[in-house]
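Note: the block below is run_32.pdb and it holds PDB, C-alpha atoms, pLDDT in the B column.
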MODEL        1
ATOM      1  CA  MET A  35      36.781  20.786  -6.355  1.00 48.00           C
ATOM      2  CA  GLU A  36      35.240  18.858  -3.472  1.00 50.00           C
ATOM      3  CA  TYR A  37      32.579  21.184  -2.101  1.00 53.00           C
ATOM      4  CA  THR A  38      30.052  19.027  -0.340  1.00 50.00           C
ATOM      5  CA  ARG A  39      29.800  19.404   3.432  1.00 54.00           C
ATOM      6  CA  THR A  40      27.342  17.370   5.424  1.00 49.00           C
ATOM      7  CA  LYS A  41      26.519  17.208   9.106  1.00 50.00           C
ATOM      8  CA  ILE A  42      24.016  14.609  10.255  1.00 46.00           C
ATOM      9  CA  HIS A  43      22.955  14.501  13.884  1.00 47.00           C
ATOM     10  CA  PRO A  44      24.358  11.215  15.325  1.00 45.00           C
ATOM     11  CA  SER A  45      20.957  10.003  16.460  1.00 45.00           C
ATOM     12  CA  LEU A  46      19.551  10.500  12.960  1.00 46.00           C
ATOM     13  CA  VAL A  47      21.297   7.384  11.671  1.00 43.00           C
ATOM     14  CA  VAL A  48      19.738   5.244  14.419  1.00 44.00           C
ATOM     15  CA  ILE A  49      16.359   6.927  14.025  1.00 45.00           C
ATOM     16  CA  THR A  50      16.187   6.425  10.277  1.00 45.00           C
ATOM     17  CA  THR A  51      17.248   2.791  10.554  1.00 42.00           C
ATOM     18  CA  LEU A  52      14.493   2.071  13.092  1.00 42.00           C
ATOM     19  CA  LEU A  53      12.066   4.084  11.015  1.00 44.00           C
ATOM     20  CA  LEU A  54      12.734   1.998   7.938  1.00 42.00           C
ATOM     21  CA  ILE A  55      12.373  -1.271   9.857  1.00 38.00           C
ATOM     22  CA  HIS A  56       8.994  -0.192  11.228  1.00 40.00           C
ATOM     23  CA  CYS A  57       7.874   1.788   8.186  1.00 39.00           C
ATOM     24  CA  LEU A  58       4.814  -0.320   7.425  1.00 36.00           C
ATOM     25  CA  GLU A  59       3.603  -0.278  11.007  1.00 39.00           C
ATOM     26  CA  LEU A  60       4.125   3.454  11.410  1.00 39.00           C
ATOM     27  CA  SER A  61       2.530   4.281   8.078  1.00 41.00           C
ATOM     28  CA  PHE A  62      -0.836   3.275   9.451  1.00 42.00           C
ATOM     29  CA  GLY A  63      -0.147   4.699  12.907  1.00 45.00           C
ATOM     30  CA  LYS A  64      -2.631   4.320  15.708  1.00 48.00           C
ATOM     31  CA  GLU A  65      -6.197   4.065  14.534  1.00 54.00           C
ATOM     32  CA  GLY A  66      -7.784   7.474  14.166  1.00 61.00           C
ATOM     33  CA  GLN A  67      -4.499   9.337  14.768  1.00 76.00           C
ATOM     34  CA  CYS A  68      -3.091  11.605  12.038  1.00 84.00           C
ATOM     35  CA  TYR A  69      -0.605  14.472  11.889  1.00 84.00           C
ATOM     36  CA  GLN A  70      -0.229  17.713   9.973  1.00 85.00           C
ATOM     37  CA  LEU A  71       2.534  20.231   9.329  1.00 85.00           C
ATOM     38  CA  VAL A  72       1.702  23.803  10.291  1.00 88.00           C
ATOM     39  CA  PHE A  73       3.935  26.533   8.818  1.00 88.00           C
ATOM     40  CA  PHE A  74       4.364  29.912  10.528  1.00 91.00           C
ATOM     41  CA  ASN A  75       6.566  33.018  10.212  1.00 92.00           C
ATOM     42  CA  ASN A  76       7.876  31.941   6.808  1.00 90.00           C
ATOM     43  CA  SER A  77      10.071  34.196   4.714  1.00 93.00           C
ATOM     44  CA  TRP A  78      12.226  34.116   1.622  1.00 92.00           C
ATOM     45  CA  THR A  79      14.376  36.385  -0.541  1.00 95.00           C
ATOM     46  CA  ASP A  80      15.347  36.291  -4.191  1.00 95.00           C
ATOM     47  CA  ASN A  81      17.841  38.014  -6.460  1.00 95.00           C
ATOM     48  CA  ARG A  82      15.617  39.593  -9.111  1.00 95.00           C
ATOM     49  CA  PRO A  83      15.697  39.796 -12.088  1.00 95.00           C
ATOM     50  CA  ASP A  84      18.129  36.847 -12.385  1.00 95.00           C
ATOM     51  CA  PHE A  85      16.329  34.515  -9.986  1.00 95.00           C
ATOM     52  CA  VAL A  86      12.660  35.091  -9.148  1.00 96.00           C
ATOM     53  CA  VAL A  87      10.927  32.929  -6.510  1.00 94.00           C
ATOM     54  CA  ASN A  88       7.326  32.930  -5.321  1.00 93.00           C
ATOM     55  CA  MET A  89       6.263  30.621  -2.482  1.00 89.00           C
ATOM     56  CA  THR A  90       2.883  29.934  -0.902  1.00 87.00           C
ATOM     57  CA  PHE A  91       1.930  27.920   2.179  1.00 82.00           C
ATOM     58  CA  ASP A  92      -1.557  26.579   2.772  1.00 79.00           C
ATOM     59  CA  GLU A  93      -3.456  25.541   5.887  1.00 73.00           C
ATOM     60  CA  GLN A  94      -3.205  21.863   4.957  1.00 71.00           C
ATOM     61  CA  GLY A  95       0.591  21.920   5.415  1.00 69.00           C
ATOM     62  CA  SER A  96       1.695  22.118   1.799  1.00 75.00           C
ATOM     63  CA  VAL A  97       4.257  24.329   0.067  1.00 81.00           C
ATOM     64  CA  HIS A  98       4.054  25.552  -3.521  1.00 83.00           C
ATOM     65  CA  SER A  99       6.929  27.362  -5.233  1.00 87.00           C
ATOM     66  CA  GLU A 100       7.498  28.871  -8.665  1.00 92.00           C
ATOM     67  CA  THR A 101      11.015  29.818  -9.729  1.00 93.00           C
ATOM     68  CA  THR A 102      12.029  31.715 -12.850  1.00 96.00           C
ATOM     69  CA  VAL A 103      15.734  31.470 -13.729  1.00 96.00           C
ATOM     70  CA  ASN A 104      16.645  34.181 -16.254  1.00 97.00           C
ATOM     71  CA  ARG A 105      20.305  33.394 -16.837  1.00 96.00           C
ATOM     72  CA  GLU A 106      22.503  30.308 -16.724  1.00 96.00           C
ATOM     73  CA  ILE A 107      24.022  29.581 -13.312  1.00 96.00           C
ATOM     74  CA  ALA A 108      27.302  27.711 -13.864  1.00 94.00           C
ATOM     75  CA  TYR A 109      27.704  26.302 -10.361  1.00 93.00           C
ATOM     76  CA  PRO A 110      24.505  26.494  -8.316  1.00 95.00           C
ATOM     77  CA  VAL A 111      25.002  25.599  -4.653  1.00 94.00           C
ATOM     78  CA  SER A 112      22.220  24.557  -2.293  1.00 90.00           C
ATOM     79  CA  LYS A 113      22.161  24.961   1.477  1.00 92.00           C
ATOM     80  CA  PHE A 114      19.665  23.037   3.604  1.00 88.00           C
ATOM     81  CA  ARG A 115      19.499  22.899   7.404  1.00 92.00           C
ATOM     82  CA  ILE A 116      16.927  21.618   9.896  1.00 90.00           C
ATOM     83  CA  ILE A 117      17.041  23.012  13.439  1.00 95.00           C
ATOM     84  CA  VAL A 118      15.115  21.423  16.313  1.00 94.00           C
ATOM     85  CA  ARG A 119      13.741  23.772  18.987  1.00 93.00           C
ATOM     86  CA  GLU A 120      12.177  22.690  22.268  1.00 92.00           C
ATOM     87  CA  ASP A 121      10.880  24.839  25.144  1.00 85.00           C
ATOM     88  CA  LYS A 122      13.736  26.305  27.226  1.00 85.00           C
ATOM     89  CA  LYS A 123      16.327  23.950  25.710  1.00 89.00           C
ATOM     90  CA  PRO A 124      19.204  24.912  23.422  1.00 93.00           C
ATOM     91  CA  SER A 125      18.365  24.379  19.763  1.00 93.00           C
ATOM     92  CA  THR A 126      20.127  21.536  17.946  1.00 94.00           C
ATOM     93  CA  THR A 127      20.903  20.922  14.297  1.00 93.00           C
ATOM     94  CA  MET A 128      19.303  17.738  13.018  1.00 88.00           C
ATOM     95  CA  TYR A 129      20.564  17.968   9.440  1.00 83.00           C
ATOM     96  CA  ASN A 130      22.925  20.355   7.648  1.00 88.00           C
ATOM     97  CA  VAL A 131      24.184  20.143   4.072  1.00 84.00           C
ATOM     98  CA  THR A 132      25.903  22.512   1.653  1.00 90.00           C
ATOM     99  CA  SER A 133      26.434  21.103  -1.816  1.00 89.00           C
ATOM    100  CA  ARG A 134      26.557  21.909  -5.462  1.00 90.00           C
ATOM    101  CA  ILE A 135      23.059  21.200  -6.727  1.00 86.00           C
ATOM    102  CA  CYS A 136      24.286  18.457  -9.084  1.00 85.00           C
ATOM    103  CA  ASP A 137      25.617  16.539  -6.040  1.00 85.00           C
ATOM    104  CA  LEU A 138      22.420  16.779  -3.975  1.00 77.00           C
ATOM    105  CA  VAL A 139      20.916  13.462  -5.008  1.00 70.00           C
ATOM    106  CA  ALA A 140      23.930  11.623  -3.562  1.00 73.00           C
ATOM    107  CA  MET A 141      23.734  13.745  -0.380  1.00 69.00           C
ATOM    108  CA  PHE A 142      20.034  13.079   0.200  1.00 69.00           C
ATOM    109  CA  SER A 143      20.597   9.350  -0.256  1.00 70.00           C
ATOM    110  CA  LYS A 144      22.764   9.325   2.899  1.00 71.00           C
ATOM    111  CA  ALA A 145      19.780  10.157   5.135  1.00 66.00           C
ATOM    112  CA  PRO A 146      16.638   8.110   4.391  1.00 65.00           C
ATOM    113  CA  ILE A 147      14.391  10.576   6.215  1.00 60.00           C
ATOM    114  CA  ILE A 148      15.481  13.365   3.838  1.00 63.00           C
ATOM    115  CA  LYS A 149      15.562  11.065   0.818  1.00 68.00           C
ATOM    116  CA  GLN A 150      11.871  10.248   1.239  1.00 65.00           C
ATOM    117  CA  ALA A 151      10.938  13.942   1.273  1.00 63.00           C
ATOM    118  CA  TYR A 152      13.179  14.523  -1.746  1.00 64.00           C
ATOM    119  CA  ILE A 153      11.536  11.718  -3.750  1.00 64.00           C
ATOM    120  CA  SER A 154       8.105  13.096  -2.861  1.00 64.00           C
ATOM    121  CA  ALA A 155       9.143  16.603  -3.937  1.00 64.00           C
ATOM    122  CA  MET A 156      10.548  15.429  -7.243  1.00 66.00           C
ATOM    123  CA  LYS A 157       7.271  13.738  -8.156  1.00 71.00           C
ATOM    124  CA  GLN A 158       5.659  17.176  -7.951  1.00 73.00           C
ATOM    125  CA  SER A 159       8.405  19.254  -9.544  1.00 82.00           C
ATOM    126  CA  ASN A 160      10.280  19.895 -12.772  1.00 86.00           C
ATOM    127  CA  MET A 161      13.277  21.292 -10.892  1.00 82.00           C
ATOM    128  CA  SER A 162      16.622  20.591 -12.552  1.00 84.00           C
ATOM    129  CA  PHE A 163      19.559  19.186 -10.589  1.00 83.00           C
ATOM    130  CA  ASP A 164      22.076  19.822 -13.362  1.00 86.00           C
ATOM    131  CA  CYS A 165      25.194  21.967 -13.422  1.00 89.00           C
ATOM    132  CA  PRO A 166      24.926  24.443 -15.019  1.00 93.00           C
ATOM    133  CA  LEU A 167      21.358  25.358 -14.136  1.00 93.00           C
ATOM    134  CA  LYS A 168      19.658  26.438 -17.366  1.00 95.00           C
ATOM    135  CA  PRO A 169      17.269  29.385 -17.658  1.00 96.00           C
ATOM    136  CA  GLY A 170      13.676  28.251 -17.301  1.00 95.00           C
ATOM    137  CA  TYR A 171      10.491  28.157 -15.274  1.00 95.00           C
ATOM    138  CA  TYR A 172      10.526  25.593 -12.458  1.00 92.00           C
ATOM    139  CA  VAL A 173       7.526  24.604 -10.356  1.00 91.00           C
ATOM    140  CA  MET A 174       7.270  22.574  -7.174  1.00 82.00           C
ATOM    141  CA  GLY A 175       3.554  21.982  -6.884  1.00 73.00           C
ATOM    142  CA  ASN A 176       1.928  21.678  -3.480  1.00 64.00           C
ATOM    143  CA  MET A 177       4.564  19.516  -1.811  1.00 64.00           C
ATOM    144  CA  ARG A 178       2.936  17.859   1.197  1.00 58.00           C
ATOM    145  CA  LEU A 179       3.688  14.979   3.527  1.00 59.00           C
ATOM    146  CA  GLY A 180       0.628  12.799   4.056  1.00 60.00           C
ATOM    147  CA  SER A 181      -0.977  12.794   7.495  1.00 62.00           C
ATOM    148  CA  ARG A 182      -0.099   9.085   7.950  1.00 63.00           C
ATOM    149  CA  ASN A 183       3.471   9.464   6.702  1.00 64.00           C
ATOM    150  CA  PRO A 184       5.927   7.632   8.994  1.00 66.00           C
ATOM    151  CA  VAL A 185       8.307  10.595   9.019  1.00 68.00           C
ATOM    152  CA  ILE A 186       5.738  13.092  10.253  1.00 74.00           C
ATOM    153  CA  SER A 187       4.307  10.729  12.880  1.00 73.00           C
ATOM    154  CA  PHE A 188       7.775   9.891  14.206  1.00 74.00           C
ATOM    155  CA  LEU A 189       8.861  13.547  14.465  1.00 81.00           C
ATOM    156  CA  TYR A 190       5.720  14.625  16.324  1.00 82.00           C
ATOM    157  CA  ARG A 191       6.527  16.144  19.719  1.00 87.00           C
ATOM    158  CA  PRO A 192       4.023  18.552  21.348  1.00 87.00           C
ATOM    159  CA  LYS A 193       6.672  21.020  22.557  1.00 91.00           C
ATOM    160  CA  VAL A 194       9.026  20.829  19.570  1.00 93.00           C
ATOM    161  CA  SER A 195       9.157  23.053  16.510  1.00 94.00           C
ATOM    162  CA  TYR A 196      11.448  22.794  13.508  1.00 93.00           C
ATOM    163  CA  THR A 197      13.125  25.581  11.567  1.00 95.00           C
ATOM    164  CA  ILE A 198      14.111  24.807   7.994  1.00 91.00           C
ATOM    165  CA  LEU A 199      16.740  27.157   6.583  1.00 94.00           C
ATOM    166  CA  GLY A 200      17.998  26.969   3.046  1.00 92.00           C
ATOM    167  CA  GLY A 201      18.750  28.637  -0.196  1.00 93.00           C
ATOM    168  CA  MET A 202      20.306  28.537  -3.612  1.00 93.00           C
ATOM    169  CA  TYR A 203      23.604  30.285  -4.242  1.00 97.00           C
ATOM    170  CA  GLU A 204      25.910  30.866  -7.171  1.00 96.00           C
ATOM    171  CA  GLU A 205      29.515  29.816  -6.661  1.00 96.00           C
ATOM    172  CA  LEU A 206      31.671  32.569  -8.167  1.00 95.00           C
ATOM    173  CA  LYS A 207      35.170  32.214  -9.633  1.00 92.00           C
ATOM    174  CA  ASN A 208      36.730  33.304  -6.317  1.00 94.00           C
ATOM    175  CA  LYS A 209      34.690  30.522  -4.581  1.00 92.00           C
ATOM    176  CA  SER A 210      32.486  32.996  -2.723  1.00 95.00           C
ATOM    177  CA  LEU A 211      28.728  32.405  -2.765  1.00 96.00           C
ATOM    178  CA  LEU A 212      26.219  34.884  -4.206  1.00 96.00           C
ATOM    179  CA  PRO A 213      22.713  34.370  -2.749  1.00 97.00           C
ATOM    180  CA  LEU A 214      20.105  33.701  -5.453  1.00 96.00           C
ATOM    181  CA  THR A 215      17.311  32.831  -3.025  1.00 95.00           C
ATOM    182  CA  THR A 216      17.095  32.075   0.689  1.00 95.00           C
ATOM    183  CA  TYR A 217      14.204  30.798   2.773  1.00 94.00           C
ATOM    184  CA  LYS A 218      13.214  30.195   6.375  1.00 95.00           C
ATOM    185  CA  MET A 219      10.268  27.981   7.287  1.00 91.00           C
ATOM    186  CA  ASN A 220       9.100  27.370  10.845  1.00 93.00           C
ATOM    187  CA  VAL A 221       7.112  24.180  11.291  1.00 91.00           C
ATOM    188  CA  LYS A 222       5.042  22.621  14.054  1.00 92.00           C
ATOM    189  CA  ILE A 223       3.555  19.153  13.833  1.00 89.00           C
ATOM    190  CA  ILE A 224       0.070  18.836  15.251  1.00 87.00           C
ATOM    191  CA  LYS A 225      -1.992  15.748  16.004  1.00 86.00           C
ATOM    192  CA  LYS A 226      -5.493  15.548  14.597  1.00 80.00           C
ATOM    193  CA  SER A 227      -8.260  13.056  14.080  1.00 76.00           C
ATOM    194  CA  CYS A 228      -8.121  11.189  10.800  1.00 77.00           C
ATOM    195  CA  LYS A 229     -11.877  11.847  10.522  1.00 67.00           C
ATOM    196  CA  GLU A 230     -11.011  15.516   9.797  1.00 57.00           C
ATOM    197  CA  GLU A 231      -9.519  14.564   6.424  1.00 54.00           C
TER     198      GLU A 231
ENDMDL
END

In structure tokens, how does this file's structure come out?
Amino acid sequence: MEYTRTKIHPSLVVITTLLLIHCLELSFGKEGQCYQLVFFNNSWTDNRPDFVVNMTFDEQGSVHSETTVNREIAYPVSKFRIIVREDKKPSTTMYNVTSRICDLVAMFSKAPIIKQAYISAMKQSNMSFDCPLKPGYYVMGNMRLGSRNPVISFLYRPKVSYTILGGMYEELKNKSLLPLTTYKMNVKIIKKSCKEE
């Protein structure tokens, strides 16, 4: 069954192309100018005892999660959405994907901005992207985008915040989705002096 649905904001294709062309230049940014993610009003749910999730957020803009899967999930489905919010303007969806977890790698490859974050996350995680998802203990350790990262510097806008919505679901035989875990992260990007690092 073809399950994957993706919506990419039209400007994202242009943005990511320009970003890749200027990646080296943006990586260094302006001298003395760095950026940091600030998380606020974060929440998540889990479906215990089958799927237990613990998440922490630190002041340096990193996320740490520990997930215990206590039974095999035949068809795990992931949802991931980024919403852009700006003062007094309607919110817009920058990225939206729903996919079986074993198809996610192909989905992330379609948007370089997301692919870079995915590669970074996988270097700090033992998360499985297989179907079925086997019982086990999965850790994503202190995922953080560096203060000189081209993605974070490009997305910086003083009046803009981002809401990241997502979750893991189990696709049942009737094709309905049972929530295993859901999360909501609100993010602001702030500018700071590189001397603060």

- [ ] Name the residues that the PyMOL selection byres ((chain A and resi 194) around 9) pulls out of this structure, and write them as a list in words.
- [x] Val118, Arg119, Glu120, Asp121, Leu189, Tyr190, Arg191, Pro192, Lys193, Ser195, Tyr196, Lys222 and Ile223 of chain A

Write the residues you've just listed into a file as an mmCIF file, keeping the file's coordinate frame, and include C-alpha atoms for each of them.
data_model
loop_
_atom_site.group_PDB
_atom_site.id
_atom_site.type_symbol
_atom_site.label_atom_id
_atom_site.label_comp_id
_atom_site.auth_asym_id
_atom_site.auth_seq_id
_atom_site.Cartn_x
_atom_site.Cartn_y
_atom_site.Cartn_z
ATOM 1 C CA VAL A 118 15.115 21.423 16.313
ATOM 2 C CA ARG A 119 13.741 23.772 18.987
ATOM 3 C CA GLU A 120 12.177 22.690 22.268
ATOM 4 C CA ASP A 121 10.880 24.839 25.144
ATOM 5 C CA LEU A 189 8.861 13.547 14.465
ATOM 6 C CA TYR A 190 5.720 14.625 16.324
ATOM 7 C CA ARG A 191 6.527 16.144 19.719
ATOM 8 C CA PRO A 192 4.023 18.552 21.348
ATOM 9 C CA LYS A 193 6.672 21.020 22.557
ATOM 10 C CA SER A 195 9.157 23.053 16.510
ATOM 11 C CA TYR A 196 11.448 22.794 13.508
ATOM 12 C CA LYS A 222 5.042 22.621 14.054
ATOM 13 C CA ILE A 223 3.555 19.153 13.833
#

Task: Output check: residues returned by the PyMOL selection byres ((chain A and resi 81) around 12), as number ranges by chain - done: A: 78-80, 82-88, 101-105, 201-204, 212-216

- [ ] For CA of Asn220 in chain A and CA of Phe91 in chain A, determine how far apart the two atoms are, in Å to one decimal place.
- [x]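 These atoms are spaced 11.3 Å apart.
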
Task: Atom pair CA of Glu106 in chain A / CA of Leu211 in chain A: separation (Å) - done: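 We find that CA of Glu106 in chain A and CA of Leu211 in chain A lie 15.4 Å from each other.
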
TODO: Would you work out the distance separating CA of Ile198 in chain A from CA of Asp164 in chain A, expressed in Å to one decimal?
DONE: 23.3 Å

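Among the candidates A:Phe188, A:Phe163, A:Tyr129, A:Tyr109, the one nearest to Glu205 in chain A when counting only C-alpha atoms is A:Tyr109.
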
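For the set A:Ile186, A:Val131, A:Leu206, A:Leu199, the residue with the smallest atom-to-atom gap to Val72 in chain A is A:Ile186, counting only C-alpha atoms.
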
Open item on the list: the PyMOL selection byres ((chain A and resi 135-141) around 7) - which residues does that actually catch in the file I just gave you? List them as a ChimeraX atom specification.
Closed with: /A:110-112,133-134,142-144,163-165

Task: Closest of A:Met128, A:Ser99, A:Lys209, A:Ile107 to Asn160 in chain A - atom-to-atom distances counting only C-alpha atoms - done: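 Under the stated criterion, the closest residue is A:Ser99.
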